[in-house]
file start.cif (mmCIF, C-alpha atoms)
data_my_file
loop_
_atom_site.label_atom_id
_atom_site.label_comp_id
_atom_site.auth_asym_id
_atom_site.auth_seq_id
_atom_site.Cartn_x
_atom_site.Cartn_y
_atom_site.Cartn_z
CA MET A 211 82.32 115.05 110.39
CA PRO A 212 82.08 111.99 112.59
CA THR A 213 83.02 112.18 116.26
CA PRO A 214 86.01 110.18 117.55
CA SER A 215 83.62 107.51 118.83
CA MET A 216 81.87 107.33 115.49
CA GLU A 217 85.25 107.06 113.79
CA ASP A 218 86.16 104.06 115.97
CA TYR A 219 82.98 102.28 114.91
CA ILE A 220 83.33 103.15 111.22
CA GLU A 221 86.96 102.00 111.26
CA GLN A 222 86.10 98.72 112.94
CA ILE A 223 83.14 98.07 110.65
CA TYR A 224 85.35 98.76 107.64
CA ILE A 225 87.98 96.31 108.93
CA LEU A 226 85.42 93.59 109.66
CA ILE A 227 83.80 93.91 106.24
CA ASP A 228 87.24 93.87 104.60
CA GLU A 229 88.34 90.77 106.53
CA LYS A 230 85.11 88.76 106.77
CA GLY A 231 82.84 90.23 104.15
CA TYR A 232 80.34 91.36 106.78
CA ALA A 233 80.07 93.08 110.15
CA ARG A 234 77.56 91.95 112.76
CA VAL A 235 76.65 93.84 115.91
CA SER A 236 78.19 91.06 118.01
CA ASP A 237 81.47 91.21 116.03
CA ILE A 238 81.67 94.98 116.43
CA ALA A 239 80.92 94.74 120.16
CA GLU A 240 83.64 92.16 120.64
CA ALA A 241 86.22 94.08 118.63
CA LEU A 242 85.54 97.34 120.49
CA SER A 243 84.96 95.73 123.91
CA VAL A 244 81.53 97.31 124.30
CA HIS A 245 78.02 95.97 124.90
CA PRO A 246 75.95 95.00 121.88
CA SER A 247 73.30 97.53 122.94
CA SER A 248 75.92 100.30 122.63
CA VAL A 249 76.76 99.08 119.14
CA THR A 250 73.10 99.06 118.14
CA LYS A 251 72.67 102.66 119.29
CA MET A 252 75.76 103.82 117.42
CA VAL A 253 74.89 101.86 114.30
CA GLN A 254 71.46 103.52 114.28
CA LYS A 255 73.14 106.92 114.56
CA LEU A 256 75.60 106.06 111.78
CA ASP A 257 72.64 104.94 109.66
CA LYS A 258 70.84 108.23 110.34
CA ASP A 259 74.00 110.16 109.37
CA GLU A 260 74.30 108.08 106.17
CA TYR A 261 77.60 106.36 106.96
CA LEU A 262 75.96 102.95 106.71
CA ILE A 263 72.68 101.19 106.05
CA TYR A 264 71.39 99.13 108.95
CA GLU A 265 68.48 96.74 108.88
CA LYS A 266 67.60 95.13 112.18
CA TYR A 267 68.38 91.38 112.17
CA ARG A 268 69.81 91.64 108.65
CA GLY A 269 73.16 93.33 109.22
CA LEU A 270 74.70 96.44 107.82
CA ILE A 271 76.71 97.78 104.93
CA LEU A 272 78.77 100.93 104.61
CA THR A 273 77.52 103.58 102.23
CA PRO A 274 80.02 105.03 99.75
CA LYS A 275 80.49 107.89 102.25
CA GLY A 276 81.11 105.45 105.12
CA ASN A 277 83.39 103.28 103.01
CA LYS A 278 85.50 106.28 101.97
CA ILE A 279 85.87 107.45 105.57
CA GLY A 280 86.53 103.90 106.81
CA LYS A 281 89.33 103.47 104.30
CA ARG A 282 90.88 106.80 105.34
CA LEU A 283 90.61 105.92 109.05
CA VAL A 284 92.35 102.59 108.53
CA TYR A 285 95.06 104.39 106.54
CA ARG A 286 95.51 106.88 109.39
CA HIS A 287 95.80 104.12 111.96
CA ASP A 288 98.26 102.09 109.86
CA LEU A 289 100.33 105.19 109.07
CA LEU A 290 100.65 106.12 112.74
CA GLU A 291 101.70 102.54 113.54
CA GLN A 292 104.38 102.81 110.82
CA LEU A 293 105.63 106.10 112.27
CA LEU A 294 105.87 104.74 115.80
CA ARG A 295 107.74 101.66 114.55
CA LEU A 296 110.17 103.91 112.68
CA LEU A 297 110.70 105.89 115.87
CA GLY A 298 111.50 102.68 117.74
CA VAL A 299 108.44 102.58 120.01
CA LYS A 300 108.10 99.17 121.64
CA GLU A 301 105.70 96.95 119.72
CA GLU A 302 103.57 96.25 122.79
CA ASN A 303 102.89 100.00 123.15
CA ILE A 304 102.12 100.87 119.55
CA TYR A 305 98.42 99.97 119.35
CA ASN A 306 97.45 101.82 122.54
CA ASP A 307 99.60 104.81 121.63
CA VAL A 308 97.95 105.07 118.21
CA GLU A 309 94.50 104.75 119.78
CA GLY A 310 95.45 107.58 122.13
CA ILE A 311 96.60 110.02 119.46
CA GLU A 312 94.80 109.25 116.21
CA HIS A 313 91.70 111.36 116.92
CA HIS A 314 93.72 114.39 117.98
CA LEU A 315 95.56 115.02 114.74
CA SER A 316 94.28 117.02 111.80
CA TRP A 317 94.22 115.45 108.37
CA ASP A 318 96.88 117.99 107.42
CA ALA A 319 99.13 116.55 110.16
CA ILE A 320 98.35 113.03 108.96
CA ASP A 321 99.35 113.99 105.42
CA ARG A 322 102.66 115.45 106.68
CA ILE A 323 103.30 112.30 108.74
CA GLY A 324 102.70 110.33 105.55
CA ASP A 325 105.33 112.45 103.81
CA LEU A 326 107.77 111.84 106.67
CA VAL A 327 107.22 108.08 106.72
CA GLN A 328 107.63 107.97 102.95
CA PHE A 329 110.86 110.00 103.23
CA PHE A 330 112.38 107.45 105.61
CA GLU A 331 111.09 104.38 103.80
CA GLU A 332 112.39 105.54 100.40
CA ASP A 333 115.99 105.12 101.54
CA ASP A 334 117.31 102.37 103.82
CA ASN A 335 120.21 104.66 104.80
CA ARG A 336 117.76 107.11 106.34
CA VAL A 337 116.09 104.36 108.35
CA GLU A 338 119.49 103.11 109.49
CA ALA A 339 120.52 106.63 110.54
CA LEU A 340 117.35 106.83 112.60
CA ARG A 341 118.14 103.45 114.20
CA ASP A 342 121.66 104.71 115.03
CA ILE A 343 120.16 107.70 116.85
CA GLN A 344 117.81 105.40 118.74
CA ARG A 345 120.66 103.11 119.80
CA LYS A 346 122.71 106.08 121.02
CA ASN A 347 119.77 107.33 123.07
CA GLU A 348 119.36 103.91 124.68
CA GLU A 349 122.98 103.86 125.88
#
call {"tool": "encode", "arguments": {"input": "start.cif", "output": "structure tokens"}}
result
Amino acid sequence: MPTPSMEDYIEQIYILIDEKGYARVSDIAEALSVHPSSVTKMVQKLDKDEYLIYEKYRGLILTPKGNKIGKRLVYRHDLLEQLLRLLGVKEENIYNDVEGIEHHLSWDAIDRIGDLVQFFEEDDNRVEALRDIQRKNEE
């Protein structure tokens, strides 16, 4: 299992490859606000652990294992953002809140959160009832 730090890198690499078709060390460093040397060290570790294939000066690609985990990590992040929006968390807080909690939940908890989000999104009346509760709490 990857560590939380490894997960952050795999998630970001997955996103970059999905959006741009590639992920360079400099792009990863910028996205994660870290030094390129830190990215190089982590990428080498991820290569050793078979999450990606890294060739110096040539770039990197995710292995099927890394791609599968990357997809799941992006799903987890997006799902938690959906939940916080449903709960009425201010938009400017959502990203940092998700970053703060996403590594501390089991996949079982993530699956249950997915069920909960689906429950609310299946019926606009449920979402509206939730909004009514939020408005009452703000008064």
call {"tool": "atom_distance", "arguments": {"input": "start.cif", "atom1": "CA of Gly298 in chain A", "atom2": "CA of Lys346 in chain A"}}
result
12.2 Å
call {"tool": "closest_atom_pairs", "arguments": {"input": "start.cif", "of": "range 278-319 of chain A", "to": "range 225-231 of chain A", "cutoff": "12 Å", "atoms": "all atoms listed in the file", "output": "tab-separated table"}}
result
residue	atom	partner	partner_atom	distance
A:Ile279	CA	A:Ile225	CA	11.8
A:Gly280	CA	A:Ile225	CA	8.0
A:Lys281	CA	A:Ile225	CA	8.6
A:Arg282	CA	A:Ile225	CA	11.5
A:Leu283	CA	A:Ile225	CA	10.0
A:Val284	CA	A:Ile225	CA	7.7
A:Tyr285	CA	A:Ile225	CA	11.0
A:His287	CA	A:Ile225	CA	11.5
A:Asp288	CA	A:Ile225	CA	11.8
call {"tool": "closest_residue", "arguments": {"input": "start.cif", "among": "A:Leu290, A:Met211, A:Val337, A:Ile223", "to": "Gly310 in chain A", "atoms": "all atoms listed in the file"}}
result
A:Leu290
call {"tool": "closest_residue", "arguments": {"input": "start.cif", "among": "A:Val299, A:Tyr224, A:Met252, A:Pro274", "to": "Glu348 in chain A", "atoms": "all atoms listed in the file"}}
result
A:Val299
call {"tool": "residues_near_point", "arguments": {"input": "start.cif", "point": "(108.7, 104.6, 110.2)", "cutoff": "9 Å", "atoms": "only C-alpha atoms", "output": "PDB file with C-alpha atoms, keeping the file's coordinate frame"}}
result
ATOM      1  CA  LEU A 289     100.330 105.190 109.070  1.00  0.00           C
ATOM      2  CA  LEU A 290     100.650 106.120 112.740  1.00  0.00           C
ATOM      3  CA  GLU A 291     101.700 102.540 113.540  1.00  0.00           C
ATOM      4  CA  GLN A 292     104.380 102.810 110.820  1.00  0.00           C
ATOM      5  CA  LEU A 293     105.630 106.100 112.270  1.00  0.00           C
ATOM      6  CA  LEU A 294     105.870 104.740 115.800  1.00  0.00           C
ATOM      7  CA  ARG A 295     107.740 101.660 114.550  1.00  0.00           C
ATOM      8  CA  LEU A 296     110.170 103.910 112.680  1.00  0.00           C
ATOM      9  CA  LEU A 297     110.700 105.890 115.870  1.00  0.00           C
ATOM     10  CA  GLY A 298     111.500 102.680 117.740  1.00  0.00           C
ATOM     11  CA  LEU A 326     107.770 111.840 106.670  1.00  0.00           C
ATOM     12  CA  VAL A 327     107.220 108.080 106.720  1.00  0.00           C
ATOM     13  CA  GLN A 328     107.630 107.970 102.950  1.00  0.00           C
ATOM     14  CA  PHE A 330     112.380 107.450 105.610  1.00  0.00           C
ATOM     15  CA  GLU A 331     111.090 104.380 103.800  1.00  0.00           C
ATOM     16  CA  VAL A 337     116.090 104.360 108.350  1.00  0.00           C
TER      17      VAL A 337
END
call {"tool": "residues_around", "arguments": {"input": "start.cif", "residues": "Lys258 in chain A", "least_positions_apart": "6", "cutoff": "12 Å", "atoms": "only C-alpha atoms", "output": "list of chain:residue names"}}
result
A:Lys251, A:Met252, A:Tyr264, A:Glu265, A:Thr273, A:Gly276
call {"tool": "write_last_selection", "arguments": {"input": "start.cif", "atoms": "C-alpha atoms", "output": "CSV table (one decimal), in the coordinates of the input"}}
result
chain,number,residue,atom,x,y,z
A,251,LYS,CA,72.7,102.7,119.3
A,252,MET,CA,75.8,103.8,117.4
A,264,TYR,CA,71.4,99.1,109.0
A,265,GLU,CA,68.5,96.7,108.9
A,273,THR,CA,77.5,103.6,102.2
A,276,GLY,CA,81.1,105.4,105.1
call {"tool": "closest_residue", "arguments": {"input": "start.cif", "among": "A:Val249, A:Lys300, A:Val244, A:Lys275", "to": "Gln344 in chain A", "atoms": "all atoms listed in the file"}}
result
A:Lys300
call {"tool": "resolve_selection", "arguments": {"input": "start.cif", "expression": "the PyMOL selection byres ((chain A and resi 239) around 12)", "output": "compact mmCIF listing (two decimals) with C-alpha atoms, in the frame of the given file"}}
result
# COMPACT_ATOMS: atom_id res chain seq x y z
CA ASP A 218 86.16 104.06 115.97
CA TYR A 219 82.98 102.28 114.91
CA GLN A 222 86.10 98.72 112.94
CA ILE A 223 83.14 98.07 110.65
CA LEU A 226 85.42 93.59 109.66
CA ALA A 233 80.07 93.08 110.15
CA ARG A 234 77.56 91.95 112.76
CA VAL A 235 76.65 93.84 115.91
CA SER A 236 78.19 91.06 118.01
CA ASP A 237 81.47 91.21 116.03
CA ILE A 238 81.67 94.98 116.43
CA GLU A 240 83.64 92.16 120.64
CA ALA A 241 86.22 94.08 118.63
CA LEU A 242 85.54 97.34 120.49
CA SER A 243 84.96 95.73 123.91
CA VAL A 244 81.53 97.31 124.30
CA HIS A 245 78.02 95.97 124.90
CA PRO A 246 75.95 95.00 121.88
CA SER A 247 73.30 97.53 122.94
CA SER A 248 75.92 100.30 122.63
CA VAL A 249 76.76 99.08 119.14
CA THR A 250 73.10 99.06 118.14
CA LYS A 251 72.67 102.66 119.29
CA MET A 252 75.76 103.82 117.42
CA VAL A 253 74.89 101.86 114.30
call {"tool": "atom_distance", "arguments": {"input": "start.cif", "atom1": "CA of Asp259 in chain A", "atom2": "CA of Arg322 in chain A"}}
result
29.3 Å
call {"tool": "atom_distance", "arguments": {"input": "start.cif", "atom1": "CA of Met216 in chain A", "atom2": "CA of Lys255 in chain A"}}
result
8.8 Å
call {"tool": "axis_aligned_box", "arguments": {"input": "start.cif", "around": "range 272-283 of chain A", "padding_each_side": "8 Å", "output": "lines of an AutoDock Vina configuration file"}}
result
center_x = 84.2
center_y = 104.4
center_z = 104.4
size_x = 29.4
size_y = 23.0
size_z = 25.3
call {"tool": "closest_residue", "arguments": {"input": "start.cif", "among": "A:Arg268, A:Glu312, A:Asp307, A:Glu260", "to": "Glu221 in chain A", "atoms": "only C-alpha atoms"}}
result
A:Glu312
call {"tool": "closest_residue", "arguments": {"input": "start.cif", "among": "A:His313, A:Tyr232, A:Glu338, A:Asn347", "to": "Pro212 in chain A", "atoms": "all atoms listed in the file"}}
result
A:His313
call {"tool": "residues_around", "arguments": {"input": "start.cif", "residues": "His314 in chain A", "least_positions_apart": "5", "cutoff": "10 Å", "atoms": "all atoms listed in the file", "output": "list in words"}}
result
Pro214, Glu309 and Ala319 of chain A
